[in-house]
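One structure is given below, encoded as structure tokens.
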Amino acid sequence: MDRTRPALLIAALLALFPLLAGCASARNPSDPLEPLNRGIYRFNDTVDKAVAKPVAQAYDAIIPAPVKIMVGNFISNLDDVTVTINDLLQLKFAQAASDGSRFIFNSTFGIFGLLNVTSRLEKHHEDLGQTLGYWGVGNGPYLVLPFLGPSSVRDGAGLYVDTTFGLPSRVEDVPTRNQYYVAEFIHRRAGLLDSEKVLDEAMIDRYEFIRDTYLLHRRSLVYDGNPPREKYDDFDGE
């Protein structure tokens, strides 16, 4: 798992933040629920500092790197099923063949996904929120979800469907299923520890930065890294 990429991404976005702030209005039109969202953000931040972050730090310090890599591989392998389905829904058939092959070979030769034997095949990240965006469904209002963080009405609905019909939800034993979700959350939270140091050292409104970064990132994903240029009234004559 390459843990330098999130840090580099956030560092680059921090460099762009003054420009984003200058272009934004006092109230972001994508965030009409800002007072509510800020309240949920503060709740999430309190829970994170009290529970999630310390647990993630302990996990990061105690668990050997090879084990963390296998945990990440296992989570990624299960995710490839959801990715493949959304590939098909977006008519990306070649990508679906690649992602489906990743799941099949990693689940067999990779010992249930613990080993990534398909490292030569690119790992994609498709979900129902992106699929809806692909077919023209807008984000809707920005939305901060309790415990889960930044989202939107579209992405929140997509996350619910993806989670409901994902492979982990098919596990009938409730304690086992819940243990997986907790382990996945801790592993993903630990993966953010290095990159968030950049945020801790920056003098910015963390809420606004996370919101604007999330919306830009999701827009990029919907358009596979090549979103159309947005039109601004101030530059119509250019």
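Quick note on naming: the chains in the structure tokens go A, B, ... in the order shown, residues restart at 1 in each chain, and ligands are numbered from 1 in order of appearance.
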Query - Distance query A:Val222 at most 9 Å, only C-alpha atoms, self and fewer than 4 positions along chain excluded, as a ChimeraX atom specification - result: /A:126,129-134,217-218,226-227
Taking only C-alpha atoms into account, produce a table as CSV in which each residue of stretch 22-46 of chain A with an atom at most 10 Å from an atom of stretch 188-212 of chain A appears once, together with its shortest atom pair and the distance in Å to one decimal, ordered by chain and rising number.
residue,atom,partner,partner_atom,distance
A:Ala24,CA,A:Asp212,CA,9.6
A:Asn28,CA,A:Glu208,CA,9.2
A:Ser30,CA,A:Asp212,CA,9.4
A:Asp31,CA,A:Arg211,CA,8.6
A:Glu34,CA,A:Tyr207,CA,9.7
A:Asn37,CA,A:Tyr207,CA,9.1
A:Arg38,CA,A:Tyr207,CA,7.2
A:Tyr41,CA,A:Tyr207,CA,7.3
A:Arg42,CA,A:Tyr207,CA,9.0
What residues in stretch 41-180 of chain A get the DSSP label alpha helix (DSSP H)? Please answer as number ranges by chain. A: 41-47, 53-62, 65-89, 93-108, 128-134, 153-165, 174-180
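Interatomic distance, atom CA of A:Pro32 to atom CA of A:Val137: 18.1 Å.
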Min atom-atom distance to A:Asp87 from the set A:Asp224, A:Asp48, A:Ile69, A:Phe105, counting only C-alpha atoms, belongs to A:Asp224
Stretch 108-111 of chain A surroundings by only C-alpha atoms, 10 Å radius, close-in-sequence under 6 positions cut, as a ChimeraX atom specification
/A:73-74,77,102,117-118
Those residues with C-alpha atoms, as an mmCIF file, in the first residue's frame please?
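The new file again08.cif reads:
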data_model
loop_
_atom_site.group_PDB
_atom_site.id
_atom_site.type_symbol
_atom_site.label_atom_id
_atom_site.label_comp_id
_atom_site.auth_asym_id
_atom_site.auth_seq_id
_atom_site.Cartn_x
_atom_site.Cartn_y
_atom_site.Cartn_z
ATOM 1 C CA ASN A 73 -5.240 -6.569 0.118
ATOM 2 C CA PHE A 74 -8.195 -8.446 1.611
ATOM 3 C CA ASN A 77 -10.232 -7.650 -3.011
ATOM 4 C CA ARG A 102 -8.362 -9.175 -10.143
ATOM 5 C CA VAL A 117 -1.074 -11.571 -7.344
ATOM 6 C CA THR A 118 -2.555 -9.179 -9.910
#
